[in-house]
Each structure stands twice: as structure tokens, then as C-alpha cells.
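All remarks here apply to the structure that follows.
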4 protein chains.
Amino acid sequence: MYKAGIAGATGYTGFELVQMIQRHPQLEVAWVTSENSAGKTFSEVHAAPWDYPLISLQEGMARAGEVDVVFLCLPHTASIEPVRAFQATGVHVVDLSADFRLADPAAYQRWYGVPHTAPDLLPQFVYGLCEINRAQIAGARLIANPGCYPTSVNLGLYPLAKAGWLSDQVIVDSKSGVSGAGRQTKLQYSFVEANENLTPYNVGVRHRHIAEMEQVLNRVNGQHTHRFLFSPHLLPVNRGILSTMYVSVPQGVTEQMIRDLYAETYAGEPFIHLLPAGQFASLRHTAYTNRCAVSITSADPMQPDGPDYIIVATLDNLIKGASGQAIQNFNLSVGIDETLGLL
Amino acid sequence: MYKAGIAGATGYTGFELVQMIQRHPQLEVAWVTSENSAGKTFSEVHAAPWDYPLISLQEGMARAGEVDVVFLCLPHTASIEPVRAFQATGVHVVDLSADFRLADPAAYQRWYGVPHTAPDLLPQFVYGLCEINRAQIAGARLIANPGCYPTSVNLGLYPLAKAGWLSDQVIVDSKSGVSGAGRQTKLQYSFVEANENLTPYNVGVRHRHIAEMEQVLNRVNGQHTHRFLFSPHLLPVNRGILSTMYVSVPQGVTEQMIRDLYAETYAGEPFIHLLPAGQFASLRHTAYTNRCAVSITSADPMQPDGPDYIIVATLDNLIKGASGQAIQNFNLSVGIDETLGLL
Amino acid sequence: MYKAGIAGATGYTGFELVQMIQRHPQLEVAWVTSENSAGKTFSEVHAAPWDYPLISLQEGMARAGEVDVVFLCLPHTASIEPVRAFQATGVHVVDLSADFRLADPAAYQRWYGVPHTAPDLLPQFVYGLCEINRAQIAGARLIANPGCYPTSVNLGLYPLAKAGWLSDQVIVDSKSGVSGAGRQTKLQYSFVEANENLTPYNVGVRHRHIAEMEQVLNRVNGQHTHRFLFSPHLLPVNRGILSTMYVSVPQGVTEQMIRDLYAETYAGEPFIHLLPAGQFASLRHTAYTNRCAVSITSADPMQPDGPDYIIVATLDNLIKGASGQAIQNFNLSVGIDETLGLL
Amino acid sequence: MYKAGIAGATGYTGFELVQMIQRHPQLEVAWVTSENSAGKTFSEVHAAPWDYPLISLQEGMARAGEVDVVFLCLPHTASIEPVRAFQATGVHVVDLSADFRLADPAAYQRWYGVPHTAPDLLPQFVYGLCEINRAQIAGARLIANPGCYPTSVNLGLYPLAKAGWLSDQVIVDSKSGVSGAGRQTKLQYSFVEANENLTPYNVGVRHRHIAEMEQVLNRVNGQHTHRFLFSPHLLPVNRGILSTMYVSVPQGVTEQMIRDLYAETYAGEPFIHLLPAGQFASLRHTAYTNRCAVSITSADPMQPDGPDYIIVATLDNLIKGASGQAIQNFNLSVGIDETLGLL
């Protein structure tokens, strides 16, 4: 049995991790931390029966020796110091924050507005997008878990980008359930404001999540500078992301060629669900699972061979977009069955 | 045209009032106040196009002369001083807080845990439960607008109590939409916590809202001491209250007698919707309206003549349970058509 | 008082019409029809207290003489014969179906797949998009009420198209509440399937609703052939449409010029709500109202002068997208205050 | 590995079973049947990637030899013939219908209105309420899986009944998510009708589900005739049941005695979550789990020792109320770890 420490367990991703670890046959909870609720128990802050005492992050760091892996569910910038502390002890670290996702510290500064305070650690991190970086993740000690929006976009467009078929401009119209905002109490996330509503926010080419799209899709096949026009919307559901992506492919690329490309790229992937022609990926396809569902549709059914296609990708933002992918990364990194605890 | 001041317009009841006044042919907005947002406009705090400047309550009190009526949408205890100020100017006051609902200051202290600081004003207030107190409301200057839960219970049980048929113990299982908690940011009212959930809270015989049930139903026919066992639940809808009430009637009282009693008691009432046998009142019957729907069902269809009945009453907590009834009270008090602005 | 007949009153648009007519000071219900529920009353098929008897469409046609206006809430192709019957009697007809929206019968056949069986009537119809066709609607006898999706797109893009600034290709990513599908019982519209879900459907350049976008936006300033790539999604809310539209404007056109254009175009419009810079139109801005809210955002806040913009338009599909606009059309056609019954 | 056949896999309970079997380390799917969709695959009727061919029930019966256990997810009366066929082959049968829940065929006729056509099989069936009948379930071949409502009531009241402390009359106010009605297309279960709504139905003392309450709670300690006044409500959530139960205990029974009784009765139960004083069971405590959560609250906090208490019990109707309990029954019957596949 491997033992896990979870730093930041009062939020939704921490909760999902603890819950998924109950199911995992080779992983168990050693300790859980909470900044605001240290001293209480897990069952006092979540509607669940597990009585784990919530300890401080400081105490968690002192107890690094008890664990094989630490999952960090902390806000961005808050991960940097704990990561440094834990990596010094040699435990596996899966960081769910944004702090180590971007390999280039200049990109971090550009998108997050603050300088990166641990650029020396960046080269040691692997970007944990399992389906694409599997080889590097195997055996890695330090893993940056991808963001939820970029995971949907990167998995949805990776085959096109790898084949060199992705258009220069990509419009990504995304919709996310409210848990994507974390477990917080801002008015816009209150029930009465969000329910029976739909709200765009931070639309355009400057949303931080674009950084991870560029990092993955611009480099997968030579160097490109795709321009992502990204419009997220707050959706009145608890969980789930659906990204509707508008792309054009080069002349001569047919719908069948695209379908074959996706089928080949994702052959044998346990968590990629490619929809057949005529079906659309919906939130329902992936809610409460570690799957990413992808559908491919020609914009013009009378001219199915393009050039315009609508790619839809969905995932559960708390699972494949966060804690499930974190477990998948852990499984890969220690070399056990990638799907353990995730079915 | 009558002119209205609205004190506390950033909450949901204030919003509903402003919206209903747009529709009211003889009432218009003069000023609106906000404690936290003075200096902004109404359209900056609500998703609506009206540009009313938000002024301080202090300024509102200074501008009492500009209005015919003031609607106070303030938390309990916060209404007392403004009420004193406004009543001194002679304007009509409809107070939506709990501060002047209980005629007996000892009851206020018992249920709210603080002494009433303006007991001298209490005798001047009329309890604005329109269908029951219509005669006293006509011409009244000071009106205490009833609470949302008690309005559903009092309208649902009033005919039985008046006839002396109400059992000593009444179980009231109520369910309320989240807007009943006001426009606030506590974690339990956030979307992810409240959605796909149902939570009982403050159940039993000590909930404050019982005070208004006792005040109305214990006195309508001699003096009684009905015991109300009241269990509210937080329901994942924006608006609406549904109270399921379990009563026993005296031997000899048949279902038809009860139906006749309700029909007679509420004959001609514009906002009471009595459901026929076999139908149940649902939130849908009253959402976005000033109506209260009531259904009567024998607990035993094989023995329809009792003694156990299930009375269900529903209303929209923001309209009939708050702002709509406030307008109805205003209409009654100045002697114009009771339904103006409310259809 | 004008008198209205409503054909097809068991659906959601029929319900909204009956409800709005209660509020309208110069309009009242004369009769209501229902194909499947003739013989019942309105209150038996809707959670509302109005006891109007439901008569057959045949009987409604026989009673054309009792009414000043007929609102037809019938499925497409089912309106054609009743329209012919009613227009022969001289009453005003507001047809909420798709049958008379397209002026060109060839377009009808192309998009709906069946020949139009009353092409002689088409020239007598006015397309009832009030803000754009107001002059023609005034005094018109026969009005085709626009579709809900196209109303959001046409009102959202009309100023750009009129100015000649609309790009050749427009991507429209729309999301609609479930009532847009009508009051029906297909599995995909059942609660468990649609709740906590989001589903794209019929995406691309061949959706029927594109016909009305082309009819309006291609002709408003010379002849154009804009290509609309339209992707509707089924949204887990009862009502509301939000269209996120991706456009490029010609070089030299700045954000301020666009804002000025919209402000000027829609100056004095009672039902257009232009959001200020930095705010996004959301469903909340228009739910349960006859308004259309529009927001304009540069895709790149660092280069606010384009060329890419995201226009968001929202409306309540049952009100501004159907029954509210139908009342607005009626008000315009008979020359009474356009906003009666609609505030 | 044990092999399972699932009869009736297009509904929600069938879907949950297939999904839970993916996670079960000693159980796998052999075949799945569907009355209306035979010939299609599982992934064509559910938003999930599993390609199991859907076969007819007839074919399933012919392939009884391939399986160790059959789960029957069929409507009531439809289970009787397949049960006879399967039991003849010696496979384990877990019947999720109501057909074999009532030991007494007269009770079946009384509550279901039709005579039981296989009374000879009734004595061979064990009522699969795991926490209460564990000993009998171990080794059983034929198991009747309990109903969802009664499971919440029986688990919530069992300790009181066993101790002889349950009052003669019990009021049960239950609320259920829409999936409790099955995967069907009636208008009242459509999204627009059920969303933002709450509807009581079939209230009183004659609801079929009362039969299982009587069978369990009237016999657990001598013979009693508790009268259950049961009011179910349709709740706008996908899944979950919450039963609010109003009971009186005998004089001298204190709150602490009740808490001790429940703690003792359910000590070591893996799926019973007893809430501490001051907390209420909510849907959130059990959604997507096989748990039943129970809270105990005195009706009068000033007189905590009674006699009136409010017991709240919640569970996920599709899991603990159906498919999860079915797996738990299977695990118990073959003698493997009761929690396999259920965490």
C-alpha cells in the first residue's frame, strides 16, 4: 500500500481525492491538511463519514516521511514553497495548482502577472497530461497536474495539432460547472445567482488557461503559434466542462481521415471516449468519471469533407480535470495499473 | 401617481419591489437605498437596466417628504430606527422585516432573543396578512409584512382554525427555495453546495417563524395553544415555498365540509387558488405570482372522511411571501384596486 | 378592450400569452384552443387558476368574429390553413410558427424540406422583428413572429450588418433552455437526462434557424452572403437563450465606434439593454422579461481596437423570443403603446 | 471472477449496475438485455463507452448457464416469469422489482391490486435489506431487493422499532429525485415541468411502499400495527431520497438513550452514517454512494428528552436504494467482502 498526504483537503478537489483513494486498492490516506479548518475533522467540513483529522500544512510537511506521495490542492503561488519542501524529501509530488504547469518562467510571469519564485524547480517537473506525456510521467517524481479547461482543449485538438492539420486560429467556446471556481462564497457563485443562469466571463485571447493550450499544441509538431480565442461560460451544473471548438483543416483532409487520425492516436486509451459520427459529446458522457469524450462533426453535412469542423470535448472538471488525472499521474509515476481507483 | 422609497434595494425582495413597481400603474420609484452599495446605481448591483442611484438610508430618511410610502427591506432589528423616523413624517410604511410582526413585545424577546426597543410603536402596526386582516389594513399607515413561511402556513390553515377544527398538534414540513435566505454568500447557499441537495435545518418547535403561526392561528377563534412542529428544508430551486401540513379534524367533519369551508372562506379572493380534489399544490402553481395555492387531501382515500388530512400550501417566497404582499398591503392601505401591479 | 383568440394554448408559448394578457390593460382572452385537450379547461392543463374552456381549433375558426387578434402557437406547417381562414375574416393574425417567416417560398422549401402550400399569402406577411421592422409592423394585419434563436442573433448583429461591418463568416455558439423544445415528452428533454448536462445538437451551417439570420442580416445593407456557422446547445435551465457570436470588423473600426453604433441604433428602444464595457449579457439580464441584452467585448483587451469581437445577446425564449414579441407586435400593429402588458 | 447477467439494462438502475460492476474486482458483465433496444449496444442507449450488445430477455434466459448471478431490473409483475426461469437453473437472482418483496401474497394483492402469480416462490425469497437481514442473505439464492423509499424509512426507524420505542403513528414526509420514477417520458418528469418545482403525490396511508415498512417494522419486535402516513414529493434533483420522519418515544426514553441505541445497532456497519447531534442528514451525505445517513433531532431543543423526535434518513435511490444494495446483496450471498465494488 502506498500512502498519500493531501494538502488542502477542504476544497472540492481535495474531497474528490480522498473519496477516490477509498476506492484505490493500493493507495491510502496518511494525512490531510487544511489551512482554515486545522483541528477539525474531515467529516466536519464535508458531508462524508471519514474522520481524518485536519492538520496544518506545516505539520504535513513535518510528516513527509510518512507518505509516498503528496497531492497539493492549493491555490496558485501557494504551492511553490510546499513543493520545494516536499521534493527535498524525495516523495512523489502531484501539484494540482498552476504553479509548475508552464515550463517557461517567462510565460508564467506573462500569464499570471508575478515572477516565478522557484524557476530552478521547473525543469524537474513533468506536465501530467497522461495521454500525451505518458512516457515522461512514468517514473517522474514531480508532476504538474494540468488545468481543467486546457485538458479538454488539448485532448480534443491534440491529434489535429500533431498531424499539422490545426488551423492558425481556433475558437474555443467553453462552458464549465460551478465547482470549477472552487469551494468559495463569492456572490456570483451563490445558488440563486448561478442557477437558471449562464454567464460568459474573461472571454478572449488573454485568459490564463490559454498558456497550457499553447504549451501543448504549439509544440507537438514543430513550432506553431496557434491563436486561441477562448470564451469560458459559467454553467448551472455542479461539475463538467464542455468545450465547443471551431477549426478548419487543410484542403484534402476529409472527415474520414480525421476520424481515423483520432482513432489511431487514442487507440487503447482507457479514458478517451471517441463518439461515432452523428453523436455529440455531452457532459453526461463524462460526469463522475475520469473519461474525456470527444466528438467530431463537419460544419456542413452536405459537404462533409470540410474544411470546417466542430470538435466537442467534455470531461468532469473535478476528476479528469483535476483529482482523477492526479491519481492517474500517480499510478503512472509509480508504475502500477494506470486505471486503479479510477473506474 | 404614488411615489415609493425602497430601503434596502440590493437584496432580492428589494429587486422584486422595484420590478413590480415598473408594472404598477399608480406607483413609481422615488428613491432606493443600499447600505453597502450607496454611490452605485441599481443596474450595477442587479442584472436589470434601471439606473436608479443607490443612496444611503440616512439620505432616504432625509427625503421622506418625496414619497407616499416606504418599503423597508432590512434585516430584523435594523428596521426599528428607520420605522420611527419615517412614521414621524406620516408616510405609509410597509416593513418587510420581522421587527413589527409580533404584537406582543414579550413574544419578540422570547423568539428573537433581544428586547424590543420600540414597544411603543407596536400597537400602531397592523399585521399585513391581506386575506385575513383586510379590514384593518385598509387605511393603515404602518404595516408589518408577514414572513414567508408563516404566510404559507397561516393561509393554509386559517379556515380550519377559524372553524375550530384545527388539531392541537400540527406538523408542518416546509421546503423553501434558496432566495429565502436572502442575497448572501454563506457556503451552504453556494451553488455547488445547494444544488442537487436537500437539507433540513432548525427543525422542531422553536423556530422563530412559529411565532407568527401562533399569533394568527391561536387567536382567530377564541384562545388556543396549537403546538406547531415546524421543519424547514433548503430546496434546490431559486424561489418558492411548499408547506406540507398534517392535521386531524374532529369526528363528524367530512372532507366535503372542509372543502366547503375553504371555498367559502376564500370566496372572491384574487390571490388564493384552491385546488380541486385529486390535485396537489406545487411550486409551479405560484412561482412568479402573488398567489397562494392550497390543496386538501384525505390521508386515507378509502376513508375520505378523516380524521387525517394533508394540507399543502405553496407561494413564491419573494412575491406573496414578501414583496408582492407588500404591494398588496400598500394598495389596500391607500384604497386602490388590491390587484394593481400584481397580475 | 381588444379581444384575443389563442390557438394552441397547451404549450409553453400559449401559456405565456394567456398569462401576459392578464396583465395587459387593453387586451383580454376571448377563447383558447387545444388540439389534444379540447373539452378540458386551461387550469386542467397548466398550473394556473384560469378556467378558460379549451375548444377545438375548428371552433376557434368559427368564432373568429369574436376576436380582434389571433395568436397562433402551432407547430410549423400546421399554421398555414388556419392563417388562411383567419386572414379571410380580417382579424389581426400573429403567427408564432415558422410558416410565414421566410418571404421566399424557395427558401422555405430549402430549409424545411417541404414546398410552401400558401405562397400567395407570403407577400401579405410582415416579419415581426419589432426593433428592426417597426414601421412595417404598424398597421399590419398579418405578422410572422420571429424564431427565438434568430431574434437573439439578429438583434445582436443588426447594427454591425447595417453598418457593413459584419464579417463574411460569423460563428454563433448558442445555448437554449429546455422550454425551447416545446412542451413535449421526448427522453432527451426529461429531467434526469437534461439536468446536470449540456448537449450540442444540429451544429453547423444547415440549421433551419439560419434562414432567418440570412433573411435579416444579408439584406439590411445591400445584398450580402454572410455564412453563419451556428451551434445550438441544450442548456439545463427552463428558459433563456444566450448566443455567443464571434465576429471580425474591418480595419479602422474601433471598439468605441462599435459601441456608438449600437447606442445610436438602439437609442430609445424600450426592450434593448446594452451592457456597458466590462459586463457580459447573461440569462439573468432577460429572464422573465421582454428584453434583449447585448454585450460587446474585444477579443484582446490589450488591443481593444480589434479586429475580433465577441458579441453576446440574451433573451427569454418564451417572451422576447416568442409570446412577448407577439404581444409587442400586436401593440404595434393596432397603434397602442408598444410596451403595454410587457413590463 | 463471477459473471453477471443484467435483465433490463436501458433504465437507470441497469446503468448503475453495469457501471458498478466495472469497479467490482470479482464481478464482470456477461450479458445485458433490453426489451425495446435489443440489437443495439449499451453505448447507443447510455452516454457511456461500453459496447455490450443488448439482447432480448428470452436470449438472456437461454444463456443462464453463462452467469453466476442475474440482476432483474424489470417493472413489477414483469419479474415473475423470468424469476421462475432463472431460479430453475440455480443461478443467484437479485430481483430489483417489487414482485418478491412481500412475503405474504395477500399483502401483494392488497397493495398492488393483482393476485401474485407465483406464490410458491415467495417462501424461497429473502428480503435483501442487508443491515437487518444479513444472516439470511448469506448463502441465499433468491433475493428480493428492497424499494428505495422503504429502505430509507426502515433503516431510519429500525432501531426504534426493535427497541419497542416506535410510536403507533409515524408521519413520513419523503422527497425523491426524479430518477426514482425510472427512465421514462411522462410530461410531469420532463425537465421544464420538474425543474424549479416541487410536487407532492400519492400522499397518505395507501401508498404501496408502506407495505415494506409494515413488513419490516411491524415484525421486528413482536407484532405491531404501526400506522405510516407517507407523503412522497417529487424533488428537482437527479437522485437522492430524504425522508423526514416524525416520531414520539415513550416517557423516560432520553435523547442519549436513542443515540446509544442507534450507535449500538449500527456499530460496524460499513454503509450507515450516523450524524452527530446538531447535524442533519442531507442528500449530499449519500449521493453517488451506497450509504444511508441518519440524523436524530429532538423536536424541542429546550426539552431535549422528548417525547418528539425528527429522524431524517437519506440515501441515493439508484445505489443504496437499488443497484448498490443489489451488489451488496450479491456480495453477501456468495460470501465475499460485502463492500466490494461499493466504495
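Residue names in the C-alpha cells use chain letters A, B, ... in the order shown, residue numbers from 1 in each chain, and ligand numbers from 1 in the order shown.
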**OP:** Skip Ile132 in chain A itself and residues of its chain fewer than 5 positions away, then list as a PyMOL selection string all residues within 10 Å of it, counting only C-alpha atoms.
**Re:** chain A and resi 127+137+154-155+158-159+216+220+265-266
Original post:
Could you name the residues that touch Thr286 in chain B at 12 Å or less, counting only C-alpha atoms, but leaving out those on the same chain fewer than 2 positions away, as a ChimeraX atom specification?
Top reply: /B:152,239-242,271-275,281-284,288-294,313-321,324,343 /C:46-49 /D:196-198
Original post:
Could you write out, as number ranges by chain, all the residues of range 70-300 of chain C that DSSP marks as strand (DSSP E)?
Top reply: C: 70-72, 92-95, 126-127, 142-144, 169-176, 199-200, 227-234, 241-248, 272-274, 292-298
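Between CA of Ala138 in chain B and CA of Leu340 in chain B lies a distance of 15.0 Å.
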Spatial neighbours of Tyr189 in chain B, 7 Å, only C-alpha atoms, chain gap at least 2 places, as an mmCIF file with N, CA, C and O atoms, in the first residue's frame:
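Final file, selection_8.cif:
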```
data_model
loop_
_atom_site.group_PDB
_atom_site.id
_atom_site.type_symbol
_atom_site.label_atom_id
_atom_site.label_comp_id
_atom_site.auth_asym_id
_atom_site.auth_seq_id
_atom_site.Cartn_x
_atom_site.Cartn_y
_atom_site.Cartn_z
ATOM 1 N N SER A 190 -23.156 31.960 -5.798
ATOM 2 C CA SER A 190 -24.244 31.544 -4.903
ATOM 3 C C SER A 190 -25.350 30.907 -5.734
ATOM 4 O O SER A 190 -25.488 31.152 -6.932
ATOM 5 N N PHE A 191 -26.130 30.065 -5.092
ATOM 6 C CA PHE A 191 -27.132 29.295 -5.826
ATOM 7 C C PHE A 191 -28.067 30.191 -6.629
ATOM 8 O O PHE A 191 -28.285 29.981 -7.823
ATOM 9 N N VAL B 178 -33.825 28.777 -2.265
ATOM 10 C CA VAL B 178 -32.655 29.366 -1.614
ATOM 11 C C VAL B 178 -32.774 30.879 -1.466
ATOM 12 O O VAL B 178 -32.168 31.462 -0.566
ATOM 13 N N THR B 185 -23.700 35.246 0.936
ATOM 14 C CA THR B 185 -22.636 34.432 0.354
ATOM 15 C C THR B 185 -22.168 33.297 1.268
ATOM 16 O O THR B 185 -21.064 32.812 1.105
ATOM 17 N N LYS B 186 -22.990 32.861 2.184
ATOM 18 C CA LYS B 186 -22.551 31.744 3.028
ATOM 19 C C LYS B 186 -22.356 30.482 2.195
ATOM 20 O O LYS B 186 -23.076 30.235 1.237
ATOM 21 N N LEU B 187 -21.423 29.650 2.645
ATOM 22 C CA LEU B 187 -21.075 28.446 1.876
ATOM 23 C C LEU B 187 -22.291 27.555 1.616
ATOM 24 O O LEU B 187 -22.458 27.028 0.523
ATOM 25 N N PHE B 191 -23.797 27.607 -4.978
ATOM 26 C CA PHE B 191 -24.449 26.732 -5.945
ATOM 27 C C PHE B 191 -24.084 25.275 -5.731
ATOM 28 O O PHE B 191 -24.951 24.394 -5.658
ATOM 29 N N GLU B 193 -23.009 23.626 -3.242
ATOM 30 C CA GLU B 193 -23.485 23.010 -2.002
ATOM 31 C C GLU B 193 -25.001 22.781 -2.024
ATOM 32 O O GLU B 193 -25.490 21.775 -1.508
ATOM 33 N N ALA B 194 -25.737 23.726 -2.592
ATOM 34 C CA ALA B 194 -27.200 23.643 -2.509
ATOM 35 C C ALA B 194 -27.817 22.862 -3.659
ATOM 36 O O ALA B 194 -28.870 22.236 -3.498
#
```
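Using only C-alpha atoms, the smallest distance between any of D:Val29, D:Ala299, D:Val203, D:Leu342 and Asp51 in chain D comes from D:Val29.
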Original post:
Suppose you want the space between CA of Thr33 in chain C and CA of Leu54 in chain C; what is it in Å?
Top reply: 5.0 Å
Original post:
So which one's closest to Gln325 in chain B, B:Leu74, B:Cys130, B:Val205, B:Val32? Using only C-alpha atoms, please.
Top reply: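 Closest to Gln325 in chain B of all the choices is B:Cys130.
Between CA of Ala78 in chain C and CA of Gly14 in chain C there is a distance of 15.1 Å.
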**OP:** Could you give me, as a PyMOL selection string, the residues within 12 Å of Tyr246 in chain D, counting only C-alpha atoms and dropping anything in the same chain fewer than 6 positions from it?
**Re:** (chain B and resi 170-173+203-204+229-231+246) or (chain D and resi 153+156-157+166-174+228-230+296-299+306-313)
**OP:** Compare C:Val69, C:Ala9, C:Ala161, C:Ala88 by their minimum atom-to-atom distance to Pro53 in chain C, counting only C-alpha atoms, and give me the closest one.
**Re:**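 Of the candidates, the smallest distance to Pro53 in chain C is held by C:Ala9.
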Within 10 Å of Ser37 in chain A, counting only C-alpha atoms, which residues qualify if same-chain residues fewer than 5 places away don't, as a PDB file with all heavy atoms, in the first residue's frame?
```
ATOM      1  N   GLY A   8      -4.522  20.593   1.486  1.00  0.00           N
ATOM      2  CA  GLY A   8      -5.635  21.406   1.002  1.00  0.00           C
ATOM      3  C   GLY A   8      -6.848  20.547   0.740  1.00  0.00           C
ATOM      4  O   GLY A   8      -7.306  20.425  -0.399  1.00  0.00           O
ATOM      5  N   ALA A   9      -7.392  19.962   1.810  1.00  0.00           N
ATOM      6  CA  ALA A   9      -8.426  18.944   1.613  1.00  0.00           C
ATOM      7  C   ALA A   9      -9.831  19.458   1.872  1.00  0.00           C
ATOM      8  O   ALA A   9     -10.779  18.685   1.840  1.00  0.00           O
ATOM      9  CB  ALA A   9      -8.149  17.735   2.500  1.00  0.00           C
ATOM     10  N   THR A  10      -9.986  20.747   2.118  1.00  0.00           N
ATOM     11  CA  THR A  10     -11.346  21.227   2.364  1.00  0.00           C
ATOM     12  C   THR A  10     -12.053  21.670   1.094  1.00  0.00           C
ATOM     13  O   THR A  10     -13.247  21.919   1.107  1.00  0.00           O
ATOM     14  CB  THR A  10     -11.363  22.397   3.363  1.00  0.00           C
ATOM     15  OG1 THR A  10     -10.323  23.301   3.003  1.00  0.00           O
ATOM     16  CG2 THR A  10     -11.138  21.900   4.774  1.00  0.00           C
ATOM     17  N   PHE A  42     -12.194  15.809   8.890  1.00  0.00           N
ATOM     18  CA  PHE A  42     -12.673  15.832   7.512  1.00  0.00           C
ATOM     19  C   PHE A  42     -14.199  15.794   7.467  1.00  0.00           C
ATOM     20  O   PHE A  42     -14.829  16.505   6.685  1.00  0.00           O
ATOM     21  CB  PHE A  42     -12.070  14.632   6.775  1.00  0.00           C
ATOM     22  CG  PHE A  42     -12.236  14.661   5.293  1.00  0.00           C
ATOM     23  CD1 PHE A  42     -11.359  15.385   4.495  1.00  0.00           C
ATOM     24  CD2 PHE A  42     -13.254  13.961   4.678  1.00  0.00           C
ATOM     25  CE1 PHE A  42     -11.501  15.404   3.109  1.00  0.00           C
ATOM     26  CE2 PHE A  42     -13.413  13.984   3.300  1.00  0.00           C
ATOM     27  CZ  PHE A  42     -12.534  14.704   2.513  1.00  0.00           C
ATOM     28  N   GLU A  44     -16.242  16.969   9.468  1.00  0.00           N
ATOM     29  CA  GLU A  44     -16.881  18.221   9.889  1.00  0.00           C
ATOM     30  C   GLU A  44     -16.933  19.246   8.767  1.00  0.00           C
ATOM     31  O   GLU A  44     -17.706  20.193   8.830  1.00  0.00           O
ATOM     32  CB  GLU A  44     -16.141  18.818  11.093  1.00  0.00           C
ATOM     33  CG  GLU A  44     -16.404  18.070  12.383  1.00  0.00           C
ATOM     34  CD  GLU A  44     -15.586  18.639  13.540  1.00  0.00           C
ATOM     35  OE1 GLU A  44     -14.408  18.249  13.691  1.00  0.00           O
ATOM     36  OE2 GLU A  44     -16.128  19.474  14.277  1.00  0.00           O
ATOM     37  N   VAL A  45     -16.115  19.083   7.745  1.00  0.00           N
ATOM     38  CA  VAL A  45     -16.123  20.069   6.659  1.00  0.00           C
ATOM     39  C   VAL A  45     -16.693  19.513   5.357  1.00  0.00           C
ATOM     40  O   VAL A  45     -16.913  20.274   4.409  1.00  0.00           O
ATOM     41  CB  VAL A  45     -14.711  20.658   6.416  1.00  0.00           C
ATOM     42  CG1 VAL A  45     -14.183  21.327   7.684  1.00  0.00           C
ATOM     43  CG2 VAL A  45     -13.734  19.605   5.922  1.00  0.00           C
ATOM     44  N   PRO A  53      -8.291  13.549  10.906  1.00  0.00           N
ATOM     45  CA  PRO A  53      -8.045  14.871  11.497  1.00  0.00           C
ATOM     46  C   PRO A  53      -7.404  15.802  10.464  1.00  0.00           C
ATOM     47  O   PRO A  53      -6.537  15.367   9.690  1.00  0.00           O
ATOM     48  CB  PRO A  53      -7.065  14.577  12.635  1.00  0.00           C
ATOM     49  CG  PRO A  53      -6.508  13.223  12.368  1.00  0.00           C
ATOM     50  CD  PRO A  53      -7.462  12.484  11.487  1.00  0.00           C
ATOM     51  N   LEU A  54      -7.853  17.037  10.449  1.00  0.00           N
ATOM     52  CA  LEU A  54      -7.254  18.026   9.550  1.00  0.00           C
ATOM     53  C   LEU A  54      -6.076  18.663  10.275  1.00  0.00           C
ATOM     54  O   LEU A  54      -6.240  19.226  11.362  1.00  0.00           O
ATOM     55  CB  LEU A  54      -8.302  19.075   9.163  1.00  0.00           C
ATOM     56  CG  LEU A  54      -9.464  18.528   8.321  1.00  0.00           C
ATOM     57  CD1 LEU A  54     -10.598  19.542   8.233  1.00  0.00           C
ATOM     58  CD2 LEU A  54      -8.985  18.161   6.915  1.00  0.00           C
ATOM     59  N   ILE A  55      -4.906  18.563   9.669  1.00  0.00           N
ATOM     60  CA  ILE A  55      -3.718  19.149  10.291  1.00  0.00           C
ATOM     61  C   ILE A  55      -3.270  20.351   9.472  1.00  0.00           C
ATOM     62  O   ILE A  55      -3.780  20.604   8.373  1.00  0.00           O
ATOM     63  CB  ILE A  55      -2.581  18.103  10.394  1.00  0.00           C
ATOM     64  CG1 ILE A  55      -2.146  17.648   8.986  1.00  0.00           C
ATOM     65  CG2 ILE A  55      -3.027  16.901  11.231  1.00  0.00           C
ATOM     66  CD1 ILE A  55      -0.949  16.691   8.987  1.00  0.00           C
ATOM     67  N   SER A  56      -2.326  21.103  10.012  1.00  0.00           N
ATOM     68  CA  SER A  56      -1.825  22.260   9.269  1.00  0.00           C
ATOM     69  C   SER A  56      -0.875  21.790   8.176  1.00  0.00           C
ATOM     70  O   SER A  56      -0.305  20.691   8.246  1.00  0.00           O
ATOM     71  CB  SER A  56      -1.086  23.210  10.210  1.00  0.00           C
ATOM     72  OG  SER A  56       0.127  22.602  10.621  1.00  0.00           O
TER      73      SER A  56
END
```
